[in-house]
Amino acid sequence: MSELSIVGKRIPKIDAREKVTGRAVYAADIRMPGMLYGKVVRCWNYAHATVTKLDLSEAAKVPGVIKVLGPQDVTSNTYNSGVLDLMVSDEMRKMLGDIEDQPIFTDHVKHQADGICGIIAETEEAAERAAEKIIVEYEPLPVYLTAEESMKPDAVQFTPLKPGNKAFELPEPAFPGNAYGWGDVDEAMKKADVVVEDAFYVPKQKQCQMEPHAYVALYDDRGRLNCWTSTQMPKLVQTKLARLFELPMSRVKVNQTTVGGGFGARLGMVAEPQACAMAMAVPGKPVMIQYLREEDWVASESRHPGMYWMKMGFKKDGMPVAVDAHFTSYKGGYYTQGSGVAFTTGAWLAGMYKYGALRYRGDSYYTNQVPCGAYRGYGNPQTNFPLEQLIDRACNELGIDPVDWRIKWHKDVGDDGWCIGFKYPSCALTECLERGAQAIGWKEKRAKYSTQTGSKRRGIGVACMNHTSGAMPMLLEHTVVSVRLNEDASAEVILSCSDLGCGAHTALTQIAAETLGFPLEDVHLLTGNSDASGFDIGAHASRTTYVGGGAVKQACEDVKRQLFERASKHLGTPADQLEMKDKRIFIKNDPQQSVDIKTITTLGVINLPDPATGQPVGEPGQILGYASYFPPHNSPPFSACFVELEVDTETGEVKLLECLTAYDIGRAIHPPSVEGQLDGGVHHGLGNVLTEETYYDKKGLCLNSNFTDYKLLGPSDMPKLTNILVEQPDPYGPYGAKSCGEEGIVPPIGAAANAVYNAIGVQIKEAPITPEKILKAIKK
Amino acid sequence: MSSRILPEFELLPHDIDEAVKMLGLHQGKASIMAGGTDLLVMMGDGFRADYVLSLGNIPDLAYIIEESGKWLRIGAMTTLAEVAESKVVQEKYTALWQSAAQNGSPQTRNMGTVVGNLLRASPSGDCCCAVLALDGWVVLEGPQGRREVAIDDFWLEYRATARRPDEIAVEVKLPDVKGNTTSAFRAMTRTTLDLAKLNAAVRLDMSGKQCENARVAIGAVAPTTIRVRKAEELIRGKEINEETLEEVGKVVSTEVSPIDDVRSTAEYRRTISGVLVKRVIEEACKGV
Amino acid sequence: MKTHSTTFFVNNKEYTLDIPVHRTLLQVLRDDLSMTDVKYGCGAGECGACTVLVDGDRPILSCLTLAVLMNGRKITTVAGLEKEGELHPVQEAFVEEGAIQCGYCTPGMVLKSVSILEKNPSPTEKDIRRGLEGNICRCTGYEKIVKAVQRASIALAASSPVKQKEGGKV
């Protein structure tokens, strides 16, 4: 590959200045003339109930109130806030059993804060005052907080479409025995010399993106529904809204505002349906909804918690002969991404190590918790916690070093990835493990920590992860990009890929500039406008740089091809004998003969016939490059993570010392963004394993829907963070890049759990690993 | 259920005598606000007060005055940040200094007050713990003038104090400490910035290696912050060494009655309470 | 509705407003004055997104401040840091270090960083981390934010007239 001039450079992010000055516009920052405020009135005191009386009349009389909407006043169509159903074929959707079970306002409350009705008022204050006047009576129903409770035969049914409250299990036709995997697990397990087995609890973690959900919706005078939202996937939300309100897509416009963090919380819809339903009730008036933090917590989706049973068999030399696993997740009140996480949790397991045989079963049951959906890692954090701990337990019994074991048994190039039959095209995990272990002093520290005395015990742990670069082959993968050259030879790159703050738009701009051979300042990305951009499945599955970047590259190559064609005519030389530099195209063998790109683009646009001949001068027609890009492959990244910590054995408290991630990035398009993704991922991962869990009381009411009671690690709690970017370019990714959006969260979970194990010699089977649990385990 | 919109209320006048009158008039419907870091959160969660007296509008309530040989007086509007920046507090009333300096975030320290912390009467209040160990007094101003309540008598039960509805807490005062007195405070939290799952403070009056008198306070283990008198008796008149500390550790866990909540469990709090008290005594001893 | 006439300064500009007593400074800044650079993150003083500086360098939470109590006060929001199109050295450092991801915490985080350096121009890493407590960032793991404050500290020291004078003597 020739030398890169823009890709790989540590340029300032393209959106940094507008954000550091406070000028970036998030949805709640929008100010429009005549804008009204919408409030969803929610059920706060019950997690499971039927509404027996709803009287809106008093609320409607409150000064400033424009309209109050009950379930009868909005479309009776239901929806699924997730978007998986848009990315599979009809047959697949039927087989998976994806359903649309969410109403805009409900009379069957399935979780705390389910929406009952809506108020549209001149101000937020009027809407709040009116909300106090809504008269609503409930008939409480039994509350189920775990799958074990809701699967009981006499349990109240959440929906007639899912008998037994079983929202999902791997369907028999595609997964014989409702299981994913290969080989005969029962037979293989019998041959194992060492078997480790346990049931683990993985926590209900909240994304906690800093921008609470907010929307503005307007049903305009042309009969178009406009929605300003910080969704991660504007085009799919456009489709969903069109379907819900029975409008052609040409009458639905989604404007993506600056996204104040996503992490899966905005994968699909959150309150777009409610905001749009309100807007349609007051045509011509924009309506804003801004969630409270508490509302964000209990009325938008979280990570799937649940019980994860796993059993692994090993030969004396460490060979993993069999894995048997079963993850039962607690779905919450609605189906949403029911099929997705239940499958991928096992897929990440399948893609990690060279097991002789694997059987993974995944199912999900309705509960009266806040619904679960997408959250960074999408099942991978759940898998990392039991898998990596059981491996270390086995290594301990077998007397094998955990790093050596992982180097020997991780999957590699040519092995099946997370989707069986889909091979890994690249893998630098061995180098990650070796360099990481070297950098953190693994051997020395493991030896040193094996002979500790006293109440402060240090531990060091390792864990690996594999993830994905895009959604294929499980889901549709498709991004459309068009690149228009302006007459002055600057480029407008039009697409719908989102930047959730991770630097994706910076990386895409770099890819565009690199491919076009233009300086950065000549390239502009037009995003977030569903009218202008073609199809895209949105920001999820760590796909934007890998797939979006591939699409941008292909569209820019199309532009370049057209430029060379025109230059070829201009210079009277075949295109393959031309080269481009500094925005000039010249003949390789005769560089004096050249044409300026600007000459081509200007003539393309401002093309007047020669007065003498009546013929055009040069080539008329504005250059438009185009890619409707279905990536040829998926190149999952890998990483190895090392965590060092200290346990106070008198109190069980954990002090984090260092977290080192060695990452198989393929190529870092924008290195600061890659580092930022890993650092941020570590924050979520260490939180998942040490402090973060949503608690409920017996009534199903959330006990910690705020930052005082739900604890994120703060700046002083974070350990020293080190990143090693291992760059072995991937054959498919744009400029060799693989993804890095979700992955950082995953292996700190296993690594920290294993570091605790290394420090105290006991494994904690329930996350988060709190001092309370550690002390209890030590005392035992 | 929370809200960005606070309930409506009226502000009371700024003159202290006038304010006391108004408090009497609106008994039960008026709240007093110092930094606002508690009251406004409560109001956002639906707590209603028809009248609010903002101490911020009353002049001369922000001070730290050392009356040598007598008292250290801290005004009701003195912020936690001001206490944390005070050399006198740091050197002589270390427990209070630690409880203020580690309290919340820089923003809430700039807004919240020590007196407000005592008035909130949360069993996990950090300053509550320190002031209890330091034998403080709360000065209240009411229709009959001023009265002073020993901190030992100030908290009646969970979130309830001896302040009458028509009184304003204007000051907390701590008895002067001699060179042989030392104190320390420690909180156990889930993360650095958190309400305490357990906190403890001690004041030790030492004579050489011997402890002449001790006050041991522990929080988040009962409806109010409490003193562990059995622990105090154990060390009084004794040399503080491994052995006495071991005994103290044991006795503490028998004196507490903690509960489960999102921050910790009753079992953990009980188990660890002795360790924490031991550690805070050790830390105080280092300061001799 | 009880209102009070209140006069305060925001980014050196004077405002006199008739403000309902129960309105927070955050609401007045965002909703009445359209200063949307101040962010709502939690409304309970837990996240620091609404941080503003009072009287120069004192960070407070605008969501827990009654606007009518701001009479005579000088408030700085992040929009007030830029001078004649030049970013404040702290803002510059955030850009250079890549300390900004989603950007929602950034206004509060930048103001907080300014206050840390005003108080202590050469803080240790621990000082910085302690100082940043109360401002939540969910994107960066704080790593690049800490580095940005360190970078700003060096930049400010280099540009400070006192330091330059001292440097000249040496």
# chains A, B, ... in the order shown; residues from 1 in each chain; ligands from 1
>>> interface_residues(of="chain C", to="chain B", cutoff="6 Å", atoms="only C-alpha atoms", output="count of residues only")
7
>>> interface_residues(of="chain C", to="chain A", cutoff="7 Å", atoms="only C-alpha atoms", output="VMD selection string")
chain C and resid 36 to 37 41 to 42 46 78 to 79 91 95 to 96 98 100 to 107 129 to 130 132 to 133 138 to 143
>>> select_by_dssp(residues="segment 45-93 of chain C", states="helix (DSSP H, G or I)", output="list in words")
Ser62, Cys63, Leu64, Ala67, Val68, Leu69, Met70, Val78, Ala79, Gly80, Pro89, Val90, Gln91, Glu92 and Ala93 of chain C
>>> write_last_selection(atoms="C-alpha atoms", output="mmCIF file, in the first residue's frame")
data_model
loop_
_atom_site.group_PDB
_atom_site.id
_atom_site.type_symbol
_atom_site.label_atom_id
_atom_site.label_comp_id
_atom_site.auth_asym_id
_atom_site.auth_seq_id
_atom_site.Cartn_x
_atom_site.Cartn_y
_atom_site.Cartn_z
ATOM 1 C CA SER C 62 -26.986 25.790 37.967
ATOM 2 C CA CYS C 63 -29.639 23.076 38.321
ATOM 3 C CA LEU C 64 -29.570 23.481 42.119
ATOM 4 C CA ALA C 67 -31.916 32.205 39.788
ATOM 5 C CA VAL C 68 -33.352 34.934 42.040
ATOM 6 C CA LEU C 69 -30.478 34.374 44.455
ATOM 7 C CA MET C 70 -27.957 35.363 41.773
ATOM 8 C CA VAL C 78 -18.460 28.018 28.430
ATOM 9 C CA ALA C 79 -19.579 30.485 25.745
ATOM 10 C CA GLY C 80 -17.834 33.186 27.745
ATOM 11 C CA PRO C 89 -6.114 27.516 26.548
ATOM 12 C CA VAL C 90 -8.212 24.892 28.322
ATOM 13 C CA GLN C 91 -10.534 24.629 25.324
ATOM 14 C CA GLU C 92 -7.528 24.469 23.021
ATOM 15 C CA ALA C 93 -6.090 21.634 25.097
#
>>> atom_distance(atom1="atom CA of Lys94 of chain A", atom2="atom CA of Ala167 of chain A")
13.7 Å
>>> residues_around(residues="segment 113-118 of chain C", least_positions_apart="2", cutoff="8 Å", atoms="only C-alpha atoms", output="NGL selection string")
:C and (53 or 57-59 or 90 or 109-111 or 120-123 or 128 or 131-132 or 149 or 153)
>>> write_last_selection(atoms="N, CA, C and O atoms", output="PDB file, in the first residue's frame")
ATOM      1  N   LEU C  53     -19.496  28.965  36.278  1.00  0.00           N
ATOM      2  CA  LEU C  53     -18.597  29.586  37.255  1.00  0.00           C
ATOM      3  C   LEU C  53     -19.262  30.845  37.800  1.00  0.00           C
ATOM      4  O   LEU C  53     -19.873  31.611  37.055  1.00  0.00           O
ATOM      5  N   ASP C  57     -14.196  32.107  39.393  1.00  0.00           N
ATOM      6  CA  ASP C  57     -13.618  30.768  39.329  1.00  0.00           C
ATOM      7  C   ASP C  57     -14.318  29.739  40.207  1.00  0.00           C
ATOM      8  O   ASP C  57     -13.791  28.678  40.452  1.00  0.00           O
ATOM      9  N   ARG C  58     -15.492  30.074  40.723  1.00  0.00           N
ATOM     10  CA  ARG C  58     -16.144  29.162  41.659  1.00  0.00           C
ATOM     11  C   ARG C  58     -17.203  28.348  40.929  1.00  0.00           C
ATOM     12  O   ARG C  58     -18.254  28.874  40.557  1.00  0.00           O
ATOM     13  N   PRO C  59     -16.951  27.046  40.710  1.00  0.00           N
ATOM     14  CA  PRO C  59     -17.946  26.248  39.981  1.00  0.00           C
ATOM     15  C   PRO C  59     -19.150  25.912  40.861  1.00  0.00           C
ATOM     16  O   PRO C  59     -18.991  25.499  42.008  1.00  0.00           O
ATOM     17  N   VAL C  90      -7.623  26.170  27.900  1.00  0.00           N
ATOM     18  CA  VAL C  90      -8.212  24.892  28.322  1.00  0.00           C
ATOM     19  C   VAL C  90      -9.021  24.287  27.175  1.00  0.00           C
ATOM     20  O   VAL C  90      -8.934  23.088  26.896  1.00  0.00           O
ATOM     21  N   MET C 109     -17.280  20.324  31.860  1.00  0.00           N
ATOM     22  CA  MET C 109     -15.947  19.783  32.097  1.00  0.00           C
ATOM     23  C   MET C 109     -14.876  20.857  31.862  1.00  0.00           C
ATOM     24  O   MET C 109     -13.904  20.962  32.617  1.00  0.00           O
ATOM     25  N   VAL C 110     -15.059  21.650  30.818  1.00  0.00           N
ATOM     26  CA  VAL C 110     -14.096  22.713  30.504  1.00  0.00           C
ATOM     27  C   VAL C 110     -14.113  23.764  31.615  1.00  0.00           C
ATOM     28  O   VAL C 110     -13.060  24.191  32.106  1.00  0.00           O
ATOM     29  N   LEU C 111     -15.305  24.160  32.027  1.00  0.00           N
ATOM     30  CA  LEU C 111     -15.400  25.168  33.096  1.00  0.00           C
ATOM     31  C   LEU C 111     -14.777  24.641  34.381  1.00  0.00           C
ATOM     32  O   LEU C 111     -14.076  25.348  35.097  1.00  0.00           O
ATOM     33  N   ASN C 120      -5.138  26.212  41.310  1.00  0.00           N
ATOM     34  CA  ASN C 120      -3.829  25.589  41.417  1.00  0.00           C
ATOM     35  C   ASN C 120      -3.257  25.432  40.005  1.00  0.00           C
ATOM     36  O   ASN C 120      -3.585  24.492  39.299  1.00  0.00           O
ATOM     37  N   PRO C 121      -2.380  26.370  39.608  1.00  0.00           N
ATOM     38  CA  PRO C 121      -1.897  26.368  38.219  1.00  0.00           C
ATOM     39  C   PRO C 121      -1.082  25.132  37.845  1.00  0.00           C
ATOM     40  O   PRO C 121      -0.978  24.793  36.680  1.00  0.00           O
ATOM     41  N   SER C 122      -0.497  24.459  38.842  1.00  0.00           N
ATOM     42  CA  SER C 122       0.254  23.250  38.476  1.00  0.00           C
ATOM     43  C   SER C 122      -0.191  22.062  39.324  1.00  0.00           C
ATOM     44  O   SER C 122       0.518  21.623  40.225  1.00  0.00           O
ATOM     45  N   PRO C 123      -1.379  21.572  39.039  1.00  0.00           N
ATOM     46  CA  PRO C 123      -1.923  20.465  39.832  1.00  0.00           C
ATOM     47  C   PRO C 123      -1.250  19.138  39.483  1.00  0.00           C
ATOM     48  O   PRO C 123      -0.789  18.958  38.359  1.00  0.00           O
ATOM     49  N   ILE C 128      -5.959  16.826  39.778  1.00  0.00           N
ATOM     50  CA  ILE C 128      -6.867  17.001  38.632  1.00  0.00           C
ATOM     51  C   ILE C 128      -8.034  16.026  38.742  1.00  0.00           C
ATOM     52  O   ILE C 128      -9.197  16.399  38.608  1.00  0.00           O
ATOM     53  N   GLY C 131     -10.294  17.014  41.409  1.00  0.00           N
ATOM     54  CA  GLY C 131     -11.003  18.227  41.006  1.00  0.00           C
ATOM     55  C   GLY C 131     -12.112  17.960  40.006  1.00  0.00           C
ATOM     56  O   GLY C 131     -13.117  18.658  39.977  1.00  0.00           O
ATOM     57  N   LEU C 132     -11.925  16.950  39.179  1.00  0.00           N
ATOM     58  CA  LEU C 132     -12.936  16.643  38.156  1.00  0.00           C
ATOM     59  C   LEU C 132     -14.105  15.846  38.716  1.00  0.00           C
ATOM     60  O   LEU C 132     -15.133  15.678  38.047  1.00  0.00           O
ATOM     61  N   VAL C 149      -6.118  18.703  30.775  1.00  0.00           N
ATOM     62  CA  VAL C 149      -5.897  19.669  31.862  1.00  0.00           C
ATOM     63  C   VAL C 149      -4.394  19.835  32.103  1.00  0.00           C
ATOM     64  O   VAL C 149      -3.902  20.949  32.319  1.00  0.00           O
ATOM     65  N   SER C 153      -2.393  23.276  31.667  1.00  0.00           N
ATOM     66  CA  SER C 153      -1.587  23.804  32.772  1.00  0.00           C
ATOM     67  C   SER C 153      -0.225  24.273  32.251  1.00  0.00           C
ATOM     68  O   SER C 153       0.249  25.359  32.600  1.00  0.00           O
TER      69      SER C 153
END
>>> closest_residue(among="B:Ile281, B:Val262, B:Leu174, B:Val251", to="chain A", atoms="only C-alpha atoms")
B:Val262
>>> atom_distance(atom1="atom CA of Gly338 of chain A", atom2="atom CA of Lys253 of chain A")
27.6 Å
>>> residues_around(residues="Ile226 of chain B", least_positions_apart="5", cutoff="8 Å", atoms="only C-alpha atoms", output="PyMOL selection string")
chain B and resi 129+132+217-219
>>> residues_around(residues="segment 749-754 of chain A", least_positions_apart="2", cutoff="9 Å", atoms="only C-alpha atoms", output="ChimeraX atom specification")
/A:381-382,384-389,392-393,459-464,640-645,656,659,682,685-690,745-747,756-759,763-764,767,769
>>> atom_distance(atom1="atom CA of Asp596 of chain A", atom2="atom CA of Lys560 of chain A")
13.3 Å
>>> residues_around(residues="segment 273-276 of chain A", least_positions_apart="5", cutoff="10 Å", atoms="only C-alpha atoms", output="CSV table (one decimal) with N, CA, C and O atoms, in the first residue's frame")
chain,number,residue,atom,x,y,z
A,37,TYR,N,-44.3,22.1,24.3
A,37,TYR,CA,-43.6,21.1,25.1
A,37,TYR,C,-44.5,19.9,25.3
A,37,TYR,O,-45.7,20.1,25.6
A,38,GLY,N,-44.0,18.8,25.1
A,38,GLY,CA,-44.7,17.5,25.3
A,38,GLY,C,-44.2,16.7,26.5
A,38,GLY,O,-43.0,16.6,26.7
A,39,LYS,N,-45.2,16.2,27.2
A,39,LYS,CA,-44.7,15.4,28.4
A,39,LYS,C,-45.5,14.1,28.3
A,39,LYS,O,-46.7,14.1,28.1
A,40,VAL,N,-44.7,13.0,28.5
A,40,VAL,CA,-45.4,11.7,28.6
A,40,VAL,C,-45.7,11.5,30.1
A,40,VAL,O,-44.8,11.5,30.9
A,74,VAL,N,-54.4,8.5,19.8
A,74,VAL,CA,-53.2,8.3,18.9
A,74,VAL,C,-53.4,7.0,18.1
A,74,VAL,O,-54.4,6.2,18.4
A,75,THR,N,-52.6,6.8,17.2
A,75,THR,CA,-52.7,5.6,16.4
A,75,THR,C,-52.7,4.3,17.3
A,75,THR,O,-52.0,4.3,18.3
A,78,THR,N,-49.1,-0.6,16.9
A,78,THR,CA,-48.0,-0.9,17.8
A,78,THR,C,-46.7,-0.9,17.1
A,78,THR,O,-46.6,-0.9,15.9
A,79,TYR,N,-45.6,-0.9,17.8
A,79,TYR,CA,-44.3,-0.9,17.2
A,79,TYR,C,-43.3,-1.7,18.1
A,79,TYR,O,-43.6,-2.1,19.2
A,81,SER,N,-39.5,-0.9,19.3
A,81,SER,CA,-38.5,0.2,19.3
A,81,SER,C,-37.2,-0.2,18.8
A,81,SER,O,-36.4,0.6,18.3
A,103,PRO,N,-47.3,-0.1,22.5
A,103,PRO,CA,-48.2,0.9,22.1
A,103,PRO,C,-47.6,2.3,22.4
A,103,PRO,O,-46.7,2.4,23.2
A,104,ILE,N,-48.2,3.3,21.8
A,104,ILE,CA,-47.7,4.7,22.1
A,104,ILE,C,-48.0,5.0,23.6
A,104,ILE,O,-47.2,5.5,24.3
A,105,PHE,N,-49.3,4.8,24.0
A,105,PHE,CA,-49.7,4.9,25.4
A,105,PHE,C,-50.4,3.6,25.7
A,105,PHE,O,-51.1,3.1,24.9
A,115,GLY,N,-45.7,4.5,29.6
A,115,GLY,CA,-46.4,5.7,29.3
A,115,GLY,C,-47.9,5.5,29.3
A,115,GLY,O,-48.4,4.6,28.6
A,117,CYS,N,-50.3,8.5,29.1
A,117,CYS,CA,-50.9,9.5,28.2
A,117,CYS,C,-49.9,10.6,28.0
A,117,CYS,O,-48.8,10.6,28.5
A,118,GLY,N,-50.3,11.6,27.1
A,118,GLY,CA,-49.4,12.7,26.8
A,118,GLY,C,-50.0,14.0,27.0
A,118,GLY,O,-51.2,14.2,26.8
A,120,ILE,N,-49.6,18.1,25.8
A,120,ILE,CA,-49.0,19.1,25.0
A,120,ILE,C,-49.3,20.4,25.5
A,120,ILE,O,-50.5,20.7,25.7
A,214,ALA,N,-34.0,13.3,23.9
A,214,ALA,CA,-34.8,14.5,23.6
A,214,ALA,C,-35.2,14.5,22.2
A,214,ALA,O,-34.5,14.0,21.3
A,215,TYR,N,-36.3,15.1,21.9
A,215,TYR,CA,-36.9,15.1,20.5
A,215,TYR,C,-37.6,16.4,20.2
A,215,TYR,O,-38.2,17.0,21.1
A,216,VAL,N,-37.6,16.8,19.0
A,216,VAL,CA,-38.6,17.7,18.5
A,216,VAL,C,-39.3,17.1,17.3
A,216,VAL,O,-38.6,16.5,16.5
A,217,ALA,N,-40.6,17.2,17.3
A,217,ALA,CA,-41.3,16.7,16.1
A,217,ALA,C,-42.3,17.8,15.6
A,217,ALA,O,-42.8,18.6,16.3
A,218,LEU,N,-42.5,17.7,14.3
A,218,LEU,CA,-43.3,18.7,13.6
A,218,LEU,C,-44.1,18.1,12.5
A,218,LEU,O,-43.4,17.5,11.6
A,219,TYR,N,-45.4,18.1,12.5
A,219,TYR,CA,-46.2,17.7,11.3
A,219,TYR,C,-46.4,18.9,10.5
A,219,TYR,O,-47.2,19.8,10.9
A,225,LEU,N,-44.0,14.6,8.2
A,225,LEU,CA,-43.7,14.4,9.6
A,225,LEU,C,-42.2,14.6,9.8
A,225,LEU,O,-41.4,13.8,9.2
A,226,ASN,N,-41.8,15.6,10.6
A,226,ASN,CA,-40.4,15.8,10.8
A,226,ASN,C,-40.0,15.5,12.2
A,226,ASN,O,-40.7,15.8,13.1
A,227,CYS,N,-38.9,14.8,12.4
A,227,CYS,CA,-38.5,14.5,13.7
A,227,CYS,C,-37.0,14.8,13.9
A,227,CYS,O,-36.2,14.3,13.1
A,228,TRP,N,-36.7,15.6,14.9
A,228,TRP,CA,-35.3,15.9,15.2
A,228,TRP,C,-34.9,15.0,16.4
A,228,TRP,O,-35.6,15.0,17.4
A,229,THR,N,-33.9,14.1,16.2
A,229,THR,CA,-33.6,13.1,17.2
A,229,THR,C,-32.2,12.8,17.2
A,229,THR,O,-31.5,12.9,16.2
A,237,VAL,N,-35.1,4.7,11.6
A,237,VAL,CA,-36.1,5.4,12.4
A,237,VAL,C,-37.1,6.0,11.4
A,237,VAL,O,-38.3,6.0,11.6
A,240,LYS,N,-39.3,3.2,10.4
A,240,LYS,CA,-40.2,2.8,11.5
A,240,LYS,C,-41.3,3.8,11.7
A,240,LYS,O,-42.4,3.4,11.9
A,241,LEU,N,-41.0,5.1,11.6
A,241,LEU,CA,-42.0,6.1,11.8
A,241,LEU,C,-43.0,6.0,10.7
A,241,LEU,O,-44.2,6.2,10.9
A,244,LEU,N,-45.2,3.1,11.4
A,244,LEU,CA,-46.1,3.3,12.5
A,244,LEU,C,-47.3,4.2,12.2
A,244,LEU,O,-48.4,4.0,12.6
A,245,PHE,N,-47.0,5.3,11.5
A,245,PHE,CA,-48.0,6.3,11.2
A,245,PHE,C,-48.6,6.2,9.8
A,245,PHE,O,-49.3,7.1,9.4
A,281,ALA,N,-50.9,15.6,16.5
A,281,ALA,CA,-52.2,16.1,17.1
A,281,ALA,C,-52.2,17.6,17.0
A,281,ALA,O,-53.3,18.2,17.3
A,282,VAL,N,-51.1,18.3,16.7
A,282,VAL,CA,-51.1,19.8,16.6
A,282,VAL,C,-50.4,20.2,15.4
A,282,VAL,O,-49.2,20.7,15.4
A,286,PRO,N,-44.3,22.7,16.3
A,286,PRO,CA,-43.2,21.8,16.7
A,286,PRO,C,-43.4,21.5,18.2
A,286,PRO,O,-43.9,22.3,19.0
A,287,VAL,N,-43.2,20.2,18.6
A,287,VAL,CA,-43.4,19.8,19.9
A,287,VAL,C,-42.0,19.2,20.4
A,287,VAL,O,-41.5,18.3,19.7
A,288,MET,N,-41.6,19.7,21.6
A,288,MET,CA,-40.3,19.1,22.1
A,288,MET,C,-40.6,18.2,23.3
A,288,MET,O,-41.5,18.5,24.1
A,289,ILE,N,-39.9,17.1,23.4
A,289,ILE,CA,-39.9,16.3,24.6
A,289,ILE,C,-38.5,16.2,25.0
A,289,ILE,O,-37.6,15.9,24.2
A,290,GLN,N,-38.2,16.5,26.3
A,290,GLN,CA,-36.9,16.2,26.8
A,290,GLN,C,-37.0,15.4,28.1
A,290,GLN,O,-37.7,15.8,29.1
>>> select_by_dssp(residues="segment 461-661 of chain A", states="strand (DSSP E)", output="VMD selection string")
chain A and resid 461 to 466 479 to 485 491 to 494 523 to 526 578 to 581 584 to 587 590 to 596 624 to 629 638 to 648 654 to 661
>>> decode(residues="segment 219-259 of chain A", atoms="C-alpha atoms", output="compact mmCIF listing (two decimals), in the first residue's frame")
# COMPACT_ATOMS: atom_id res chain seq x y z
CA TYR A 219 -46.17 17.69 11.35
CA ASP A 220 -45.72 20.42 8.76
CA ASP A 221 -48.03 22.17 6.35
CA ARG A 222 -47.01 19.90 3.50
CA GLY A 223 -48.19 16.92 5.46
CA ARG A 224 -44.70 15.77 6.28
CA LEU A 225 -43.70 14.38 9.63
CA ASN A 226 -40.37 15.83 10.76
CA CYS A 227 -38.48 14.49 13.72
CA TRP A 228 -35.28 15.87 15.21
CA THR A 229 -33.65 13.14 17.21
CA SER A 230 -30.28 11.94 18.41
CA THR A 231 -31.05 8.41 17.28
CA GLN A 232 -28.12 6.24 16.29
CA MET A 233 -29.92 5.19 13.11
CA PRO A 234 -31.82 7.95 11.32
CA LYS A 235 -32.75 5.98 8.21
CA LEU A 236 -34.24 3.03 10.06
CA VAL A 237 -36.13 5.36 12.36
CA GLN A 238 -37.50 7.04 9.23
CA THR A 239 -38.73 3.63 8.08
CA LYS A 240 -40.16 2.80 11.49
CA LEU A 241 -42.01 6.09 11.82
CA ALA A 242 -43.40 5.78 8.30
CA ARG A 243 -44.69 2.32 9.14
CA LEU A 244 -46.12 3.30 12.54
CA PHE A 245 -48.00 6.34 11.23
CA GLU A 246 -48.79 4.77 7.85
CA LEU A 247 -47.04 7.43 5.80
CA PRO A 248 -44.86 6.98 2.73
CA MET A 249 -41.19 7.46 3.58
CA SER A 250 -41.22 10.55 1.37
CA ARG A 251 -43.42 12.17 3.99
CA VAL A 252 -41.18 11.40 6.93
CA LYS A 253 -37.99 13.29 7.56
CA VAL A 254 -35.54 12.44 10.30
CA ASN A 255 -33.03 15.10 11.25
CA GLN A 256 -30.24 13.78 13.34
CA THR A 257 -29.06 16.23 15.97
CA THR A 258 -25.69 16.07 17.71
CA VAL A 259 -25.67 12.76 19.53
